>>> print(open('model_8.pdb').read())   # PDB, C-alpha atoms, pLDDT in the B column
ATOM      1  CA  MET A 396      91.346 -30.377   9.632  1.00 42.00           C
ATOM      2  CA  THR A 397      92.634 -31.462   6.231  1.00 46.00           C
ATOM      3  CA  GLU A 398      92.879 -34.911   4.681  1.00 46.00           C
ATOM      4  CA  HIS A 399      96.582 -34.973   5.647  1.00 43.00           C
ATOM      5  CA  MET A 400      95.886 -34.633   9.376  1.00 43.00           C
ATOM      6  CA  SER A 401      95.329 -38.390   9.646  1.00 44.00           C
ATOM      7  CA  TYR A 402      98.887 -38.979   8.408  1.00 59.00           C
ATOM      8  CA  GLY A 403     101.829 -39.467  10.757  1.00 76.00           C
ATOM      9  CA  ASP A 404     104.863 -37.182  10.875  1.00 81.00           C
ATOM     10  CA  GLU A 405     106.841 -39.297   8.413  1.00 86.00           C
ATOM     11  CA  GLU A 406     104.225 -39.044   5.651  1.00 89.00           C
ATOM     12  CA  LEU A 407     103.736 -35.319   6.257  1.00 89.00           C
ATOM     13  CA  VAL A 408     107.498 -34.730   6.214  1.00 90.00           C
ATOM     14  CA  LEU A 409     107.852 -36.645   2.939  1.00 91.00           C
ATOM     15  CA  LYS A 410     105.061 -34.611   1.355  1.00 91.00           C
ATOM     16  CA  SER A 411     106.547 -31.377   2.714  1.00 90.00           C
ATOM     17  CA  ILE A 412     109.981 -32.211   1.286  1.00 90.00           C
ATOM     18  CA  ARG A 413     108.273 -32.525  -2.120  1.00 91.00           C
ATOM     19  CA  GLY A 414     106.817 -29.032  -1.646  1.00 89.00           C
ATOM     20  CA  ASP A 415     103.301 -29.933  -0.467  1.00 89.00           C
ATOM     21  CA  VAL A 416     102.268 -26.714   1.306  1.00 90.00           C
ATOM     22  CA  GLN A 417      99.125 -28.306   2.788  1.00 91.00           C
ATOM     23  CA  ALA A 418     101.140 -31.121   4.399  1.00 89.00           C
ATOM     24  CA  PHE A 419     103.607 -28.595   5.796  1.00 90.00           C
ATOM     25  CA  GLY A 420     100.678 -26.591   7.182  1.00 90.00           C
ATOM     26  CA  ASP A 421      99.471 -29.737   8.918  1.00 90.00           C
ATOM     27  CA  LEU A 422     102.933 -30.308  10.418  1.00 89.00           C
ATOM     28  CA  TYR A 423     102.773 -26.736  11.691  1.00 90.00           C
ATOM     29  CA  GLU A 424      99.330 -27.307  13.245  1.00 88.00           C
ATOM     30  CA  LEU A 425     100.467 -30.543  14.893  1.00 88.00           C
ATOM     31  CA  HIS A 426     103.714 -29.178  16.351  1.00 90.00           C
ATOM     32  CA  ARG A 427     103.458 -25.412  16.846  1.00 89.00           C
ATOM     33  CA  ASP A 428     102.228 -25.687  20.465  1.00 88.00           C
ATOM     34  CA  LYS A 429     105.159 -27.940  21.394  1.00 86.00           C
ATOM     35  CA  VAL A 430     107.626 -25.518  19.803  1.00 89.00           C
ATOM     36  CA  PHE A 431     105.934 -22.632  21.605  1.00 88.00           C
ATOM     37  CA  ALA A 432     105.968 -24.490  24.936  1.00 85.00           C
ATOM     38  CA  PHE A 433     109.649 -25.388  24.682  1.00 82.00           C
ATOM     39  CA  SER A 434     110.558 -21.826  23.626  1.00 84.00           C
ATOM     40  CA  TYR A 435     108.479 -20.345  26.426  1.00 81.00           C
ATOM     41  CA  THR A 436     110.172 -22.606  28.971  1.00 76.00           C
ATOM     42  CA  LEU A 437     113.559 -21.265  27.904  1.00 76.00           C
ATOM     43  CA  THR A 438     112.721 -17.591  27.283  1.00 76.00           C
ATOM     44  CA  LYS A 439     109.858 -16.928  29.761  1.00 72.00           C
ATOM     45  CA  SER A 440     108.358 -14.603  27.141  1.00 75.00           C
ATOM     46  CA  ARG A 441     105.175 -15.247  25.169  1.00 80.00           C
ATOM     47  CA  ASP A 442     106.169 -12.710  22.474  1.00 80.00           C
ATOM     48  CA  VAL A 443     109.614 -14.214  22.033  1.00 81.00           C
ATOM     49  CA  ALA A 444     108.217 -17.758  21.989  1.00 85.00           C
ATOM     50  CA  GLU A 445     105.786 -16.731  19.226  1.00 88.00           C
ATOM     51  CA  GLU A 446     108.694 -15.254  17.245  1.00 88.00           C
ATOM     52  CA  VAL A 447     110.688 -18.454  17.720  1.00 90.00           C
ATOM     53  CA  VAL A 448     107.765 -20.537  16.410  1.00 91.00           C
ATOM     54  CA  GLN A 449     107.647 -18.433  13.240  1.00 91.00           C
ATOM     55  CA  GLU A 450     111.428 -18.584  12.786  1.00 90.00           C
ATOM     56  CA  VAL A 451     111.554 -22.355  13.340  1.00 92.00           C
ATOM     57  CA  PHE A 452     108.854 -23.136  10.780  1.00 92.00           C
ATOM     58  CA  THR A 453     110.204 -20.616   8.264  1.00 92.00           C
ATOM     59  CA  ARG A 454     113.633 -22.255   8.563  1.00 90.00           C
ATOM     60  CA  LEU A 455     112.068 -25.715   8.282  1.00 91.00           C
ATOM     61  CA  TRP A 456     110.298 -24.794   5.056  1.00 91.00           C
ATOM     62  CA  GLU A 457     113.409 -23.201   3.569  1.00 90.00           C
ATOM     63  CA  LYS A 458     115.578 -26.233   4.443  1.00 89.00           C
ATOM     64  CA  ARG A 459     112.917 -28.934   4.133  1.00 89.00           C
ATOM     65  CA  GLU A 460     115.072 -30.993   1.751  1.00 88.00           C
ATOM     66  CA  GLN A 461     117.576 -31.515   4.601  1.00 88.00           C
ATOM     67  CA  ILE A 462     114.988 -33.173   6.852  1.00 88.00           C
ATOM     68  CA  LYS A 463     115.503 -36.914   7.223  1.00 87.00           C
ATOM     69  CA  PRO A 464     112.013 -38.477   7.165  1.00 82.00           C
ATOM     70  CA  ASP A 465     113.221 -41.723   8.761  1.00 81.00           C
ATOM     71  CA  HIS A 466     114.457 -39.837  11.875  1.00 84.00           C
ATOM     72  CA  SER A 467     112.291 -38.468  14.684  1.00 85.00           C
ATOM     73  CA  PHE A 468     110.738 -35.239  13.430  1.00 86.00           C
ATOM     74  CA  ALA A 469     109.912 -34.159  17.010  1.00 84.00           C
ATOM     75  CA  ALA A 470     113.570 -34.504  18.041  1.00 85.00           C
ATOM     76  CA  TYR A 471     114.715 -32.599  14.937  1.00 88.00           C
ATOM     77  CA  LEU A 472     112.192 -29.853  15.663  1.00 88.00           C
ATOM     78  CA  ARG A 473     113.339 -29.595  19.272  1.00 86.00           C
ATOM     79  CA  LYS A 474     116.960 -29.247  18.142  1.00 88.00           C
ATOM     80  CA  ILE A 475     116.099 -26.453  15.681  1.00 89.00           C
ATOM     81  CA  THR A 476     114.000 -24.714  18.356  1.00 89.00           C
ATOM     82  CA  TYR A 477     116.876 -24.917  20.825  1.00 86.00           C
ATOM     83  CA  HIS A 478     119.231 -23.312  18.294  1.00 86.00           C
ATOM     84  CA  GLU A 479     116.720 -20.548  17.543  1.00 87.00           C
ATOM     85  CA  VAL A 480     116.423 -19.811  21.268  1.00 84.00           C
ATOM     86  CA  LEU A 481     120.226 -19.687  21.559  1.00 81.00           C
ATOM     87  CA  ALA A 482     120.254 -17.207  18.684  1.00 82.00           C
ATOM     88  CA  PHE A 483     117.668 -15.169  20.580  1.00 77.00           C
ATOM     89  CA  PHE A 484     119.844 -15.119  23.715  1.00 74.00           C
ATOM     90  CA  ARG A 485     122.839 -14.003  21.658  1.00 73.00           C
ATOM     91  CA  LYS A 486     120.666 -11.165  20.348  1.00 73.00           C
ATOM     92  CA  VAL A 487     119.616 -10.306  23.929  1.00 64.00           C
ATOM     93  CA  GLN A 488     123.283  -9.922  24.903  1.00 63.00           C
ATOM     94  CA  ARG A 489     123.644  -7.202  22.263  1.00 63.00           C
ATOM     95  CA  ASN A 490     120.298  -5.474  22.877  1.00 60.00           C
ATOM     96  CA  HIS A 491     119.755  -3.701  26.216  1.00 64.00           C
ATOM     97  CA  ALA A 492     115.999  -3.066  25.656  1.00 63.00           C
ATOM     98  CA  LEU A 493     115.408  -6.730  24.863  1.00 56.00           C
ATOM     99  CA  LYS A 494     117.375  -7.728  27.957  1.00 58.00           C
ATOM    100  CA  GLU A 495     115.193  -5.444  30.111  1.00 65.00           C
ATOM    101  CA  ARG A 496     112.000  -6.871  28.597  1.00 62.00           C
ATOM    102  CA  LEU A 497     113.100 -10.445  29.255  1.00 57.00           C
ATOM    103  CA  TYR A 498     114.041  -9.597  32.840  1.00 59.00           C
ATOM    104  CA  ALA A 499     110.638  -7.949  33.419  1.00 62.00           C
ATOM    105  CA  ASN A 500     108.838 -11.041  32.096  1.00 58.00           C
ATOM    106  CA  MET A 501     110.824 -13.302  34.423  1.00 54.00           C
ATOM    107  CA  GLN A 502     110.107 -11.033  37.415  1.00 58.00           C
ATOM    108  CA  ALA A 503     106.375 -10.990  36.635  1.00 58.00           C
ATOM    109  CA  LEU A 504     106.285 -14.789  36.509  1.00 53.00           C
ATOM    110  CA  ALA A 505     108.175 -15.071  39.790  1.00 54.00           C
ATOM    111  CA  HIS A 506     105.512 -13.008  41.591  1.00 55.00           C
ATOM    112  CA  THR A 507     102.475 -14.798  40.136  1.00 55.00           C
ATOM    113  CA  SER A 508     100.958 -17.835  41.834  1.00 55.00           C
ATOM    114  CA  PRO A 509     100.745 -21.137  39.898  1.00 52.00           C
ATOM    115  CA  ASP A 510      96.935 -21.129  40.211  1.00 56.00           C
ATOM    116  CA  GLU A 511      96.746 -17.634  38.739  1.00 61.00           C
ATOM    117  CA  LEU A 512      99.032 -18.560  35.834  1.00 53.00           C
ATOM    118  CA  ILE A 513      97.064 -21.694  35.042  1.00 54.00           C
ATOM    119  CA  GLY A 514      93.797 -19.757  35.316  1.00 61.00           C
ATOM    120  CA  LYS A 515      95.041 -17.145  32.839  1.00 65.00           C
ATOM    121  CA  GLU A 516      96.315 -19.771  30.422  1.00 63.00           C
ATOM    122  CA  LEU A 517      93.087 -21.790  30.521  1.00 65.00           C
ATOM    123  CA  SER A 518      91.057 -18.595  30.092  1.00 74.00           C
ATOM    124  CA  ARG A 519      93.106 -17.747  26.997  1.00 72.00           C
ATOM    125  CA  LEU A 520      92.640 -21.257  25.607  1.00 73.00           C
ATOM    126  CA  TYR A 521      88.894 -21.069  26.259  1.00 77.00           C
ATOM    127  CA  ARG A 522      88.613 -17.740  24.385  1.00 81.00           C
ATOM    128  CA  GLU A 523      90.610 -19.176  21.481  1.00 80.00           C
ATOM    129  CA  ALA A 524      88.372 -22.259  21.410  1.00 82.00           C
ATOM    130  CA  VAL A 525      85.199 -20.160  21.280  1.00 87.00           C
ATOM    131  CA  GLU A 526      86.667 -18.057  18.448  1.00 87.00           C
ATOM    132  CA  GLN A 527      87.186 -21.268  16.405  1.00 84.00           C
ATOM    133  CA  LEU A 528      83.446 -22.078  16.442  1.00 89.00           C
ATOM    134  CA  PRO A 529      81.365 -21.548  13.277  1.00 90.00           C
ATOM    135  CA  ALA A 530      79.414 -18.258  13.446  1.00 91.00           C
ATOM    136  CA  GLN A 531      75.940 -19.570  14.296  1.00 93.00           C
ATOM    137  CA  LYS A 532      77.210 -22.152  16.764  1.00 92.00           C
ATOM    138  CA  LYS A 533      79.367 -19.495  18.411  1.00 92.00           C
ATOM    139  CA  GLN A 534      76.395 -17.119  18.739  1.00 93.00           C
ATOM    140  CA  VAL A 535      74.246 -19.838  20.344  1.00 93.00           C
ATOM    141  CA  TYR A 536      77.068 -20.754  22.722  1.00 91.00           C
ATOM    142  CA  LEU A 537      77.730 -17.156  23.785  1.00 91.00           C
ATOM    143  CA  LEU A 538      74.039 -16.371  24.264  1.00 93.00           C
ATOM    144  CA  SER A 539      73.749 -19.403  26.525  1.00 91.00           C
ATOM    145  CA  ARG A 540      77.030 -19.119  28.444  1.00 86.00           C
ATOM    146  CA  ASP A 541      77.669 -15.381  28.572  1.00 85.00           C
ATOM    147  CA  GLU A 542      74.120 -14.032  28.630  1.00 88.00           C
ATOM    148  CA  GLY A 543      72.471 -16.916  30.472  1.00 89.00           C
ATOM    149  CA  MET A 544      69.647 -17.304  27.946  1.00 92.00           C
ATOM    150  CA  SER A 545      67.589 -20.494  27.873  1.00 92.00           C
ATOM    151  CA  TYR A 546      67.359 -22.653  24.747  1.00 92.00           C
ATOM    152  CA  ASP A 547      63.789 -21.353  24.197  1.00 93.00           C
ATOM    153  CA  GLU A 548      64.967 -17.732  24.421  1.00 94.00           C
ATOM    154  CA  ILE A 549      67.872 -18.359  22.044  1.00 93.00           C
ATOM    155  CA  ALA A 550      65.582 -20.164  19.590  1.00 94.00           C
ATOM    156  CA  GLY A 551      63.203 -17.193  19.621  1.00 94.00           C
ATOM    157  CA  LYS A 552      65.962 -14.617  19.255  1.00 94.00           C
ATOM    158  CA  MET A 553      67.715 -16.428  16.399  1.00 95.00           C
ATOM    159  CA  GLY A 554      64.672 -17.864  14.638  1.00 95.00           C
ATOM    160  CA  LEU A 555      65.809 -21.461  15.176  1.00 94.00           C
ATOM    161  CA  SER A 556      64.078 -24.519  16.593  1.00 94.00           C
ATOM    162  CA  LYS A 557      64.864 -25.442  20.179  1.00 93.00           C
ATOM    163  CA  ASN A 558      66.289 -28.742  18.893  1.00 94.00           C
ATOM    164  CA  THR A 559      68.682 -26.887  16.554  1.00 94.00           C
ATOM    165  CA  VAL A 560      69.831 -24.721  19.460  1.00 93.00           C
ATOM    166  CA  ARG A 561      70.419 -27.838  21.573  1.00 93.00           C
ATOM    167  CA  ASN A 562      72.422 -29.450  18.751  1.00 93.00           C
ATOM    168  CA  HIS A 563      74.520 -26.297  18.321  1.00 92.00           C
ATOM    169  CA  MET A 564      75.240 -26.195  22.053  1.00 91.00           C
ATOM    170  CA  THR A 565      76.160 -29.876  22.218  1.00 90.00           C
ATOM    171  CA  GLY A 566      78.523 -29.481  19.259  1.00 90.00           C
ATOM    172  CA  ALA A 567      80.004 -26.236  20.605  1.00 89.00           C
ATOM    173  CA  ILE A 568      80.682 -27.710  24.053  1.00 86.00           C
ATOM    174  CA  ARG A 569      82.347 -30.749  22.483  1.00 86.00           C
ATOM    175  CA  GLN A 570      84.487 -28.523  20.215  1.00 85.00           C
ATOM    176  CA  VAL A 571      85.539 -26.195  23.040  1.00 81.00           C
ATOM    177  CA  ARG A 572      86.461 -29.107  25.324  1.00 78.00           C
ATOM    178  CA  HIS A 573      88.448 -30.786  22.567  1.00 74.00           C
ATOM    179  CA  TYR A 574      90.349 -27.581  21.763  1.00 72.00           C
ATOM    180  CA  VAL A 575      91.244 -26.935  25.399  1.00 67.00           C
ATOM    181  CA  ALA A 576      92.201 -30.599  25.932  1.00 62.00           C
ATOM    182  CA  THR A 577      94.481 -30.703  22.879  1.00 63.00           C
ATOM    183  CA  HIS A 578      96.077 -27.300  23.504  1.00 59.00           C
ATOM    184  CA  GLY A 579      96.104 -27.382  27.289  1.00 53.00           C
ATOM    185  CA  ASP A 580      99.655 -28.637  27.708  1.00 50.00           C
ATOM    186  CA  LEU A 581     100.645 -24.972  27.840  1.00 44.00           C
ATOM    187  CA  ALA A 582      98.803 -24.563  31.148  1.00 44.00           C
ATOM    188  CA  CYS A 583     100.877 -27.397  32.604  1.00 46.00           C
ATOM    189  CA  LEU A 584     103.984 -25.735  31.201  1.00 44.00           C
ATOM    190  CA  VAL A 585     103.190 -22.474  32.982  1.00 41.00           C
ATOM    191  CA  LEU A 586     102.830 -24.368  36.266  1.00 40.00           C
ATOM    192  CA  ALA A 587     106.171 -26.102  35.735  1.00 42.00           C
ATOM    193  CA  ILE A 588     107.891 -22.785  35.089  1.00 39.00           C
ATOM    194  CA  CYS A 589     106.425 -21.178  38.155  1.00 37.00           C
ATOM    195  CA  LEU A 590     107.317 -24.067  40.472  1.00 35.00           C
ATOM    196  CA  ARG A 591     111.011 -24.097  39.480  1.00 37.00           C
TER     197      ARG A 591
END
>>> encode(input="model_8.pdb", output="structure tokens")
Amino acid sequence: MTEHMSYGDEELVLKSIRGDVQAFGDLYELHRDKVFAFSYTLTKSRDVAEEVVQEVFTRLWEKREQIKPDHSFAAYLRKITYHEVLAFFRKVQRNHALKERLYANMQALAHTSPDELIGKELSRLYREAVEQLPAQKKQVYLLSRDEGMSYDEIAGKMGLSKNTVRNHMTGAIRQVRHYVATHGDLACLVLAICLR
């Protein structure tokens, strides 16, 4: 998290317009999941949604001087995302292989239960959250959760005090929960798609 992350969209947009790469990076961090979720709703493809995210933010950076900081950035972002998805569908019309891939993705979703989709999405978020942990904290967490080692065993294996292990675990659990909670809207999205 950078110093800019405490700013609202308007301040980050203003800084981005002036060419502040860090502020633009923070806008990306704050909004990429929403762009992905909206794209995924429309395309039913994780790969395509990821491509749309990259296209949207590349376009935003290139045309940042056209952004109106006194207007809703979220609404502007949604509009750009919608247009990028339309461009994708126009490309699909001209590309048979892409059309087949999109159809296969939609068929796979139609035959997967909502519980299974949510389970997969939460599992992915959990793995991402664990990967974000600092190295030592991550090792402690994995030894405890994946290998079932006690705090005493972990302390012995890693040459740490039991109290340090406990602190690492407490911090890791808090970090993982926070990550899943702040990125978990995608799991709800998957459910919404499946129940349509």
>>> closest_residue(input="model_8.pdb", among="A:Val480, A:Ser467, A:Ser440, A:Val525", to="A:Asp541", atoms="all atoms listed in the file")
A:Val525
>>> resolve_selection(input="model_8.pdb", expression="the PyMOL selection byres ((chain A and resi 430) around 10)", output="VMD selection string")
chain A and resid 423 426 to 429 431 to 436 444 to 445 447 to 449 451 to 452 469 472 to 473 475 to 477
>>> resolve_selection(input="model_8.pdb", expression="the PyMOL selection byres ((chain A and resi 405) around 12)", output="list in words")
His399, Met400, Ser401, Tyr402, Gly403, Asp404, Glu406, Leu407, Val408, Leu409, Lys410, Ser411, Ile412, Ala418, Phe419, Leu422, Ile462, Lys463, Pro464, Asp465, His466, Ser467, Phe468 and Ala469 of chain A
>>> residues_around(input="model_8.pdb", residues="A:Tyr546", least_positions_apart="2", cutoff="10 Å", atoms="only C-alpha atoms", output="PyMOL selection string")
chain A and resi 535+538-539+543-544+548-552+555-561+564
>>> closest_residue(input="model_8.pdb", among="A:Gly554, A:Thr565, A:Glu450, A:Gly414", to="A:Lys533", atoms="only C-alpha atoms")
A:Thr565
>>> atom_distance(input="model_8.pdb", atom1="atom CA of A:His563", atom2="atom CA of A:Glu523")
17.9 Å
>>> resolve_selection(input="model_8.pdb", expression="the PyMOL selection byres ((chain A and resi 571) around 9)", output="list in words")
Tyr521, Glu523, Ala524, Val525, Gln527, Leu528, Gly566, Ala567, Ile568, Arg569, Gln570, Arg572, His573, Tyr574, Val575 and Ala576 of chain A
>>> atom_distance(input="model_8.pdb", atom1="atom CA of A:Val416", atom2="atom CA of A:Trp456")
9.1 Å
>>> atom_distance(input="model_8.pdb", atom1="atom CA of A:Arg441", atom2="atom CA of A:Glu457")
24.4 Å
>>> build_atoms(input="model_8.pdb", residues="stretch 431-449 of chain A", atoms="N, CA, C and O atoms", output="PDB file, in the coordinates of the input")
ATOM      1  N   PHE A 431     106.214 -23.792  20.754  1.00 88.00           N
ATOM      2  CA  PHE A 431     105.934 -22.632  21.605  1.00 88.00           C
ATOM      3  C   PHE A 431     106.246 -22.952  23.065  1.00 88.00           C
ATOM      4  O   PHE A 431     106.901 -22.181  23.763  1.00 88.00           O
ATOM      5  N   ALA A 432     105.775 -24.109  23.533  1.00 85.00           N
ATOM      6  CA  ALA A 432     105.968 -24.490  24.936  1.00 85.00           C
ATOM      7  C   ALA A 432     107.447 -24.595  25.294  1.00 85.00           C
ATOM      8  O   ALA A 432     107.887 -24.078  26.326  1.00 85.00           O
ATOM      9  N   PHE A 433     108.218 -25.237  24.434  1.00 82.00           N
ATOM     10  CA  PHE A 433     109.649 -25.388  24.682  1.00 82.00           C
ATOM     11  C   PHE A 433     110.339 -24.020  24.675  1.00 82.00           C
ATOM     12  O   PHE A 433     111.145 -23.709  25.554  1.00 82.00           O
ATOM     13  N   SER A 434     109.973 -23.174  23.711  1.00 84.00           N
ATOM     14  CA  SER A 434     110.558 -21.826  23.626  1.00 84.00           C
ATOM     15  C   SER A 434     110.190 -21.004  24.852  1.00 84.00           C
ATOM     16  O   SER A 434     111.023 -20.274  25.396  1.00 84.00           O
ATOM     17  N   TYR A 435     108.958 -21.125  25.278  1.00 81.00           N
ATOM     18  CA  TYR A 435     108.479 -20.345  26.426  1.00 81.00           C
ATOM     19  C   TYR A 435     109.189 -20.789  27.702  1.00 81.00           C
ATOM     20  O   TYR A 435     109.535 -19.971  28.553  1.00 81.00           O
ATOM     21  N   THR A 436     109.438 -22.091  27.818  1.00 76.00           N
ATOM     22  CA  THR A 436     110.172 -22.606  28.971  1.00 76.00           C
ATOM     23  C   THR A 436     111.551 -21.955  29.066  1.00 76.00           C
ATOM     24  O   THR A 436     112.002 -21.593  30.146  1.00 76.00           O
ATOM     25  N   LEU A 437     112.197 -21.785  27.927  1.00 76.00           N
ATOM     26  CA  LEU A 437     113.559 -21.265  27.904  1.00 76.00           C
ATOM     27  C   LEU A 437     113.629 -19.739  27.970  1.00 76.00           C
ATOM     28  O   LEU A 437     114.555 -19.197  28.549  1.00 76.00           O
ATOM     29  N   THR A 438     112.641 -19.053  27.377  1.00 76.00           N
ATOM     30  CA  THR A 438     112.721 -17.591  27.283  1.00 76.00           C
ATOM     31  C   THR A 438     111.845 -16.860  28.293  1.00 76.00           C
ATOM     32  O   THR A 438     112.064 -15.680  28.553  1.00 76.00           O
ATOM     33  N   LYS A 439     110.824 -17.541  28.819  1.00 72.00           N
ATOM     34  CA  LYS A 439     109.858 -16.928  29.761  1.00 72.00           C
ATOM     35  C   LYS A 439     109.120 -15.752  29.138  1.00 72.00           C
ATOM     36  O   LYS A 439     108.622 -14.882  29.840  1.00 72.00           O
ATOM     37  N   SER A 440     109.028 -15.707  27.830  1.00 75.00           N
ATOM     38  CA  SER A 440     108.358 -14.603  27.141  1.00 75.00           C
ATOM     39  C   SER A 440     107.437 -15.145  26.063  1.00 75.00           C
ATOM     40  O   SER A 440     107.888 -15.851  25.151  1.00 75.00           O
ATOM     41  N   ARG A 441     106.150 -14.801  26.167  1.00 80.00           N
ATOM     42  CA  ARG A 441     105.175 -15.247  25.169  1.00 80.00           C
ATOM     43  C   ARG A 441     105.512 -14.657  23.793  1.00 80.00           C
ATOM     44  O   ARG A 441     105.469 -15.358  22.785  1.00 80.00           O
ATOM     45  N   ASP A 442     105.849 -13.361  23.751  1.00 80.00           N
ATOM     46  CA  ASP A 442     106.169 -12.710  22.474  1.00 80.00           C
ATOM     47  C   ASP A 442     107.370 -13.364  21.802  1.00 80.00           C
ATOM     48  O   ASP A 442     107.354 -13.637  20.596  1.00 80.00           O
ATOM     49  N   VAL A 443     108.403 -13.603  22.597  1.00 81.00           N
ATOM     50  CA  VAL A 443     109.614 -14.214  22.033  1.00 81.00           C
ATOM     51  C   VAL A 443     109.314 -15.634  21.570  1.00 81.00           C
ATOM     52  O   VAL A 443     109.751 -16.046  20.484  1.00 81.00           O
ATOM     53  N   ALA A 444     108.562 -16.378  22.369  1.00 85.00           N
ATOM     54  CA  ALA A 444     108.217 -17.758  21.989  1.00 85.00           C
ATOM     55  C   ALA A 444     107.449 -17.778  20.675  1.00 85.00           C
ATOM     56  O   ALA A 444     107.679 -18.639  19.821  1.00 85.00           O
ATOM     57  N   GLU A 445     106.535 -16.818  20.492  1.00 88.00           N
ATOM     58  CA  GLU A 445     105.786 -16.731  19.226  1.00 88.00           C
ATOM     59  C   GLU A 445     106.741 -16.454  18.059  1.00 88.00           C
ATOM     60  O   GLU A 445     106.605 -17.042  16.986  1.00 88.00           O
ATOM     61  N   GLU A 446     107.704 -15.561  18.287  1.00 88.00           N
ATOM     62  CA  GLU A 446     108.694 -15.254  17.245  1.00 88.00           C
ATOM     63  C   GLU A 446     109.522 -16.488  16.899  1.00 88.00           C
ATOM     64  O   GLU A 446     109.805 -16.755  15.731  1.00 88.00           O
ATOM     65  N   VAL A 447     109.894 -17.233  17.935  1.00 90.00           N
ATOM     66  CA  VAL A 447     110.688 -18.454  17.720  1.00 90.00           C
ATOM     67  C   VAL A 447     109.898 -19.455  16.886  1.00 90.00           C
ATOM     68  O   VAL A 447     110.440 -20.078  15.966  1.00 90.00           O
ATOM     69  N   VAL A 448     108.612 -19.616  17.184  1.00 91.00           N
ATOM     70  CA  VAL A 448     107.765 -20.537  16.410  1.00 91.00           C
ATOM     71  C   VAL A 448     107.816 -20.161  14.929  1.00 91.00           C
ATOM     72  O   VAL A 448     108.029 -21.024  14.071  1.00 91.00           O
ATOM     73  N   GLN A 449     107.635 -18.883  14.639  1.00 91.00           N
ATOM     74  CA  GLN A 449     107.647 -18.433  13.240  1.00 91.00           C
ATOM     75  C   GLN A 449     109.011 -18.682  12.589  1.00 91.00           C
ATOM     76  O   GLN A 449     109.087 -19.155  11.449  1.00 91.00           O
TER      77      GLN A 449
END
